[in-house]
Amino acid sequence: MLNLHALRVFTALAEARSFSRAAEGLFISQPAVSKAIRELEEQLGLTLVDRSARPIALTAAGVVLLSHARRIFASERAAVQALADLRDLEAGSLTIGASSTVGIYLLPPLIAAFHRRYPGVRLTLDIGNTQQVVEHLHASPLDIAFVEGPVDDAEVVITPWREDELLVIAPPEHPLVGAEAVPLARLLEEPLVLREPGSGTREVIEIALRERDLAPRVVLEIGSTEAIKRAVAAGLGLAIVSAATVGAELRSGQLASVRAPELVLRRQLSWLSVVGRPQSPALAAFLELAA
């Protein structure tokens with residue numbers, strides 16, 4: 001294996017064509033340059049420098065070695081620059097996983113702000129339900145995951161992020177809309193449109209009802225909050241969704257909320273990371289922005 005220090009000295013000598021000038025450029029003594037070249041020649045079993053020439057000249061072996069040495073040190077410089085780009089967020093990538101509510105409604109403004117600040121970082125957003133996102137996090141393509149549902153996994157670090165409120169929504173002409181307080185028993189007489197099993201939103205709803213020994217009357221399961229909103233607007237049933245997902249529809253009158261004080265649902269949104277997995281500079285910067 002080549003001694004890289006000796007190879008660096010040889011390259012400096014080949015370019016300076018003088019032992020004294022090479023020593024000055026490397027800030028070492030001339031005898032140290034001579035020693036390094038001699039050791040390199042002994043290691044290779046070849047003479048690299050014609051010391052009788054003035055200025056010194058390379059032998060055929062020296063010319064071949066110099067060509068390779070230049071490529072080696074060019075690769076070294078490229079590696080240092082690439083790592084500096086990662087450190088300074090001028091390059092690199094960041095893959096974020098998110099459950100549907102967070103990924104569709106909350107993260108896009110943050111991702112846009114991050115891109116404006118660090119345009120050299122390539123961004124990927126992987127959206128699924130909470131269960132799917134946790135699976136993808138373990139499989140390693142994700143740097144971080146944001147979820148809305150509870151997670152019980154000893155290999156995952158769960159960090160609270162934001163609080164989210166769930167609302168009961170209905171078509172604006174529904175008879176329960178406008179009531180001061182709808183009893184929970186009356187609410188559960190209505191058909192409900194719910195997210196699919198594995199969804200964090202559904203799990204929060206089921207846990208809250210189980211604690212009261214109640215069960216919803218599910219008329220339809222859909223794996224999309226947008227589809228749920230359309231189904232409710234079409235009169236298929238009521239739904240319970242994140243307040244973050246229905247602001248525009250409530251303001252426009254396409255949907256309305258139902259007041260059910262016995263079913264006040266708030267949940268913790270969290271971000272997840274795998275125990276022991278290091279943070280990249282890009283991830284650290286994104287979390288600082290998202291805080």
# chains A, B, ... in the order shown; residues from 1 in each chain; ligands from 1
>>> select_by_dssp(residues="stretch 158-238 of chain A", states="alpha helix (DSSP H)", output="list in words")
Leu184, Ala185, Arg186, Leu187, Gly200, Thr201, Arg202, Glu203, Val204, Ile205, Glu206, Ile207, Ala208, Leu209, Arg210, Thr225, Glu226, Ala227, Ile228, Lys229, Arg230, Ala231, Val232 and Ala233 of chain A
>>> select_by_dssp(residues="stretch 103-291 of chain A", states="strand (DSSP E or B)", output="VMD selection string")
chain A and resid 122 to 128 144 to 147 156 to 170 192 to 195 218 to 222 238 to 242 256 to 258 265 to 274
>>> residues_around(residues="A:Arg267", least_positions_apart="4", cutoff="8 Å", atoms="only C-alpha atoms", output="list in words")
Glu148, Gly149, Glu163, Asp164, Glu165, Leu166 and Val204 of chain A
>>> write_last_selection(atoms="all heavy atoms", output="compact mmCIF listing (two decimals), in the first residue's frame")
# COMPACT_ATOMS: atom_id res chain seq x y z
N GLU A 148 -49.24 11.06 13.28
CA GLU A 148 -50.33 11.60 14.09
C GLU A 148 -50.90 10.58 15.05
O GLU A 148 -51.71 10.91 15.91
CB GLU A 148 -51.45 12.08 13.15
CG GLU A 148 -52.05 10.96 12.33
CD GLU A 148 -52.36 11.36 10.91
OE1 GLU A 148 -51.50 11.96 10.24
OE2 GLU A 148 -53.47 11.07 10.46
N GLY A 149 -50.50 9.32 14.91
CA GLY A 149 -51.05 8.27 15.74
C GLY A 149 -50.07 7.83 16.81
O GLY A 149 -48.87 8.09 16.73
N GLU A 163 -49.65 19.78 18.80
CA GLU A 163 -50.94 19.20 19.20
C GLU A 163 -51.95 19.43 18.08
O GLU A 163 -51.94 20.47 17.42
CB GLU A 163 -51.44 19.84 20.50
CG GLU A 163 -52.63 19.10 21.10
CD GLU A 163 -53.05 19.68 22.45
OE1 GLU A 163 -53.67 20.76 22.42
OE2 GLU A 163 -52.76 19.07 23.49
N ASP A 164 -52.82 18.45 17.89
CA ASP A 164 -53.81 18.51 16.82
C ASP A 164 -55.19 18.24 17.40
O ASP A 164 -55.34 17.38 18.27
CB ASP A 164 -53.47 17.47 15.75
CG ASP A 164 -54.39 17.52 14.56
OD1 ASP A 164 -54.77 18.64 14.15
OD2 ASP A 164 -54.73 16.46 14.02
N GLU A 165 -56.20 18.96 16.92
CA GLU A 165 -57.58 18.75 17.37
C GLU A 165 -58.38 18.07 16.26
O GLU A 165 -58.22 18.37 15.08
CB GLU A 165 -58.22 20.10 17.70
CG GLU A 165 -59.66 19.97 18.20
CD GLU A 165 -60.31 21.31 18.46
OE1 GLU A 165 -59.67 22.35 18.17
OE2 GLU A 165 -61.46 21.33 18.94
N LEU A 166 -59.25 17.13 16.66
CA LEU A 166 -60.12 16.46 15.72
C LEU A 166 -61.52 17.07 15.80
O LEU A 166 -62.01 17.38 16.89
CB LEU A 166 -60.19 14.96 16.01
CG LEU A 166 -58.87 14.19 15.95
CD1 LEU A 166 -59.12 12.70 16.16
CD2 LEU A 166 -58.16 14.42 14.63
N VAL A 204 -56.92 6.96 17.12
CA VAL A 204 -57.29 7.90 18.18
C VAL A 204 -58.80 7.85 18.45
O VAL A 204 -59.25 7.85 19.60
CB VAL A 204 -56.86 9.33 17.79
CG1 VAL A 204 -57.47 10.36 18.73
CG2 VAL A 204 -55.34 9.45 17.81
>>> closest_residue(among="A:Thr47, A:Ser93, A:Ser34, A:Thr245", to="A:Ser224", atoms="only C-alpha atoms")
A:Thr245
>>> closest_atom_pairs(of="stretch 218-273 of chain A", to="stretch 94-103 of chain A", cutoff="10 Å", atoms="only C-alpha atoms", output="JSON lines")
{"residue": "A:Gly223", "atom": "CA", "partner": "A:Ser100", "partner_atom": "CA", "distance": 9.1}
{"residue": "A:Ser224", "atom": "CA", "partner": "A:Ser100", "partner_atom": "CA", "distance": 7.6}
{"residue": "A:Thr225", "atom": "CA", "partner": "A:Thr101", "partner_atom": "CA", "distance": 7.6}
{"residue": "A:Glu226", "atom": "CA", "partner": "A:Thr101", "partner_atom": "CA", "distance": 9.9}
{"residue": "A:Val241", "atom": "CA", "partner": "A:Thr101", "partner_atom": "CA", "distance": 8.9}
{"residue": "A:Ser242", "atom": "CA", "partner": "A:Thr101", "partner_atom": "CA", "distance": 7.2}
{"residue": "A:Ala243", "atom": "CA", "partner": "A:Thr101", "partner_atom": "CA", "distance": 9.8}
{"residue": "A:Ala244", "atom": "CA", "partner": "A:Thr101", "partner_atom": "CA", "distance": 7.7}
{"residue": "A:Thr245", "atom": "CA", "partner": "A:Thr101", "partner_atom": "CA", "distance": 6.9}
{"residue": "A:Leu269", "atom": "CA", "partner": "A:Val102", "partner_atom": "CA", "distance": 8.2}
{"residue": "A:Ser270", "atom": "CA", "partner": "A:Val102", "partner_atom": "CA", "distance": 9.7}
{"residue": "A:Trp271", "atom": "CA", "partner": "A:Ala98", "partner_atom": "CA", "distance": 8.7}
{"residue": "A:Leu272", "atom": "CA", "partner": "A:Gly97", "partner_atom": "CA", "distance": 9.3}
>>> closest_residue(among="A:Pro172, A:Gly62, A:Pro261, A:Gly276", to="A:Glu155", atoms="only C-alpha atoms")
A:Gly276
>>> residues_around(residues="A:Pro119", least_positions_apart="4", cutoff="8 Å", atoms="only C-alpha atoms", output="ChimeraX atom specification")
/A:90,114-115
>>> closest_residue(among="A:Asp85, A:Glu211, A:Glu41, A:Glu189", to="A:Val121", atoms="only C-alpha atoms")
A:Asp85
>>> residues_around(residues="stretch 280-282 of chain A", least_positions_apart="4", cutoff="9 Å", atoms="only C-alpha atoms", output="number ranges by chain")
A: 86-89, 91-94, 118, 121, 143, 286-287
>>> closest_residue(among="A:Gly200, A:Gly237, A:Pro278, A:Gly45", to="A:Val151", atoms="only C-alpha atoms")
A:Gly200
>>> atom_distance(atom1="atom CA of A:Gln132", atom2="atom CA of A:Val147")
10.3 Å
>>> closest_residue(among="A:Arg117, A:Arg17, A:Arg70, A:Arg195", to="A:Asn129", atoms="only C-alpha atoms")
A:Arg195
>>> closest_residue(among="A:Glu206, A:Asp50, A:Glu190, A:Glu262", to="A:Ala239", atoms="only C-alpha atoms")
A:Glu190
>>> residues_around(residues="A:Pro191", least_positions_apart="2", cutoff="8 Å", atoms="only C-alpha atoms", output="list in words")
Leu188, Glu189, Val193, Pro216, Arg217, Val218, Val219, Leu236, Gly237 and Leu238 of chain A
>>> atom_distance(atom1="atom CA of A:Val177", atom2="atom CA of A:Arg259")
7.7 Å
>>> atom_distance(atom1="atom CA of A:Gln131", atom2="atom CA of A:Pro150")
9.7 Å
>>> residues_around(residues="stretch 3-7 of chain A", least_positions_apart="4", cutoff="8 Å", atoms="only C-alpha atoms", output="list of chain:residue names")
A:Thr11, A:Ala36, A:Ile37, A:Glu39, A:Leu40, A:Ala69
>>> decode(residues="stretch 19-45 of chain A", atoms="N, CA, C and O atoms", output="mmCIF file, in the first residue's frame")
data_model
loop_
_atom_site.group_PDB
_atom_site.id
_atom_site.type_symbol
_atom_site.label_atom_id
_atom_site.label_comp_id
_atom_site.auth_asym_id
_atom_site.auth_seq_id
_atom_site.Cartn_x
_atom_site.Cartn_y
_atom_site.Cartn_z
ATOM 1 N N PHE A 19 14.365 19.780 -5.036
ATOM 2 C CA PHE A 19 14.187 19.318 -3.661
ATOM 3 C C PHE A 19 13.969 20.497 -2.707
ATOM 4 O O PHE A 19 13.137 20.430 -1.805
ATOM 5 N N SER A 20 14.717 21.576 -2.926
ATOM 6 C CA SER A 20 14.611 22.715 -2.008
ATOM 7 C C SER A 20 13.258 23.414 -2.141
ATOM 8 O O SER A 20 12.623 23.767 -1.144
ATOM 9 N N ARG A 21 12.789 23.603 -3.396
ATOM 10 C CA ARG A 21 11.501 24.267 -3.571
ATOM 11 C C ARG A 21 10.343 23.390 -3.078
ATOM 12 O O ARG A 21 9.363 23.893 -2.527
ATOM 13 N N ALA A 22 10.472 22.079 -3.266
ATOM 14 C CA ALA A 22 9.441 21.170 -2.743
ATOM 15 C C ALA A 22 9.385 21.245 -1.226
ATOM 16 O O ALA A 22 8.300 21.269 -0.628
ATOM 17 N N ALA A 23 10.557 21.318 -0.586
ATOM 18 C CA ALA A 23 10.605 21.416 0.875
ATOM 19 C C ALA A 23 9.952 22.701 1.353
ATOM 20 O O ALA A 23 9.185 22.712 2.337
ATOM 21 N N GLU A 24 10.239 23.801 0.650
ATOM 22 C CA GLU A 24 9.636 25.081 1.031
ATOM 23 C C GLU A 24 8.113 25.034 0.896
ATOM 24 O O GLU A 24 7.389 25.523 1.765
ATOM 25 N N GLY A 25 7.637 24.450 -0.187
ATOM 26 C CA GLY A 25 6.197 24.393 -0.406
ATOM 27 C C GLY A 25 5.467 23.520 0.605
ATOM 28 O O GLY A 25 4.303 23.769 0.928
ATOM 29 N N LEU A 26 6.156 22.507 1.098
ATOM 30 C CA LEU A 26 5.534 21.583 2.059
ATOM 31 C C LEU A 26 5.818 21.978 3.506
ATOM 32 O O LEU A 26 5.317 21.331 4.430
ATOM 33 N N PHE A 27 6.667 22.999 3.703
ATOM 34 C CA PHE A 27 7.049 23.448 5.055
ATOM 35 C C PHE A 27 7.722 22.321 5.845
ATOM 36 O O PHE A 27 7.454 22.116 7.034
ATOM 37 N N ILE A 28 8.604 21.599 5.133
ATOM 38 C CA ILE A 28 9.422 20.582 5.790
ATOM 39 C C ILE A 28 10.865 20.786 5.335
ATOM 40 O O ILE A 28 11.147 21.595 4.445
ATOM 41 N N SER A 29 11.791 20.047 5.905
ATOM 42 C CA SER A 29 13.198 20.214 5.547
ATOM 43 C C SER A 29 13.513 19.473 4.247
ATOM 44 O O SER A 29 12.816 18.526 3.870
ATOM 45 N N GLN A 30 14.620 19.898 3.600
ATOM 46 C CA GLN A 30 15.027 19.222 2.368
ATOM 47 C C GLN A 30 15.405 17.770 2.626
ATOM 48 O O GLN A 30 15.036 16.896 1.826
ATOM 49 N N PRO A 31 16.117 17.461 3.736
ATOM 50 C CA PRO A 31 16.417 16.049 4.009
ATOM 51 C C PRO A 31 15.149 15.208 4.183
ATOM 52 O O PRO A 31 15.139 14.029 3.819
ATOM 53 N N ALA A 32 14.081 15.809 4.716
ATOM 54 C CA ALA A 32 12.830 15.070 4.881
ATOM 55 C C ALA A 32 12.222 14.729 3.520
ATOM 56 O O ALA A 32 11.647 13.650 3.334
ATOM 57 N N VAL A 33 12.370 15.658 2.541
ATOM 58 C CA VAL A 33 11.884 15.370 1.188
ATOM 59 C C VAL A 33 12.686 14.221 0.597
ATOM 60 O O VAL A 33 12.125 13.257 0.038
ATOM 61 N N SER A 34 13.993 14.286 0.719
ATOM 62 C CA SER A 34 14.857 13.233 0.175
ATOM 63 C C SER A 34 14.527 11.885 0.803
ATOM 64 O O SER A 34 14.467 10.857 0.105
ATOM 65 N N LYS A 35 14.302 11.879 2.108
ATOM 66 C CA LYS A 35 13.998 10.632 2.818
ATOM 67 C C LYS A 35 12.682 10.036 2.323
ATOM 68 O O LYS A 35 12.573 8.827 2.081
ATOM 69 N N ALA A 36 11.660 10.893 2.142
ATOM 70 C CA ALA A 36 10.361 10.397 1.704
ATOM 71 C C ALA A 36 10.447 9.791 0.304
ATOM 72 O O ALA A 36 9.861 8.731 0.026
ATOM 73 N N ILE A 37 11.216 10.441 -0.613
ATOM 74 C CA ILE A 37 11.340 9.938 -1.977
ATOM 75 C C ILE A 37 12.109 8.622 -1.974
ATOM 76 O O ILE A 37 11.732 7.657 -2.669
ATOM 77 N N ARG A 38 13.142 8.560 -1.177
ATOM 78 C CA ARG A 38 13.947 7.330 -1.106
ATOM 79 C C ARG A 38 13.114 6.162 -0.581
ATOM 80 O O ARG A 38 13.161 5.047 -1.114
ATOM 81 N N GLU A 39 12.318 6.412 0.447
ATOM 82 C CA GLU A 39 11.477 5.346 1.005
ATOM 83 C C GLU A 39 10.415 4.886 0.001
ATOM 84 O O GLU A 39 10.096 3.698 -0.084
ATOM 85 N N LEU A 40 9.874 5.844 -0.778
ATOM 86 C CA LEU A 40 8.874 5.484 -1.777
ATOM 87 C C LEU A 40 9.502 4.622 -2.875
ATOM 88 O O LEU A 40 8.908 3.634 -3.334
ATOM 89 N N GLU A 41 10.696 4.991 -3.295
ATOM 90 C CA GLU A 41 11.397 4.206 -4.322
ATOM 91 C C GLU A 41 11.714 2.810 -3.816
ATOM 92 O O GLU A 41 11.571 1.820 -4.551
ATOM 93 N N GLU A 42 12.134 2.716 -2.556
ATOM 94 C CA GLU A 42 12.433 1.399 -1.987
ATOM 95 C C GLU A 42 11.163 0.540 -1.904
ATOM 96 O O GLU A 42 11.191 -0.665 -2.161
ATOM 97 N N GLN A 43 10.055 1.174 -1.534
ATOM 98 C CA GLN A 43 8.798 0.431 -1.437
ATOM 99 C C GLN A 43 8.371 -0.107 -2.805
ATOM 100 O O GLN A 43 7.897 -1.242 -2.909
ATOM 101 N N LEU A 44 8.540 0.706 -3.843
ATOM 102 C CA LEU A 44 8.093 0.314 -5.181
ATOM 103 C C LEU A 44 9.145 -0.515 -5.928
ATOM 104 O O LEU A 44 8.819 -1.184 -6.920
ATOM 105 N N GLY A 45 10.388 -0.421 -5.493
ATOM 106 C CA GLY A 45 11.463 -1.131 -6.198
ATOM 107 C C GLY A 45 11.793 -0.503 -7.532
ATOM 108 O O GLY A 45 12.275 -1.177 -8.449
#
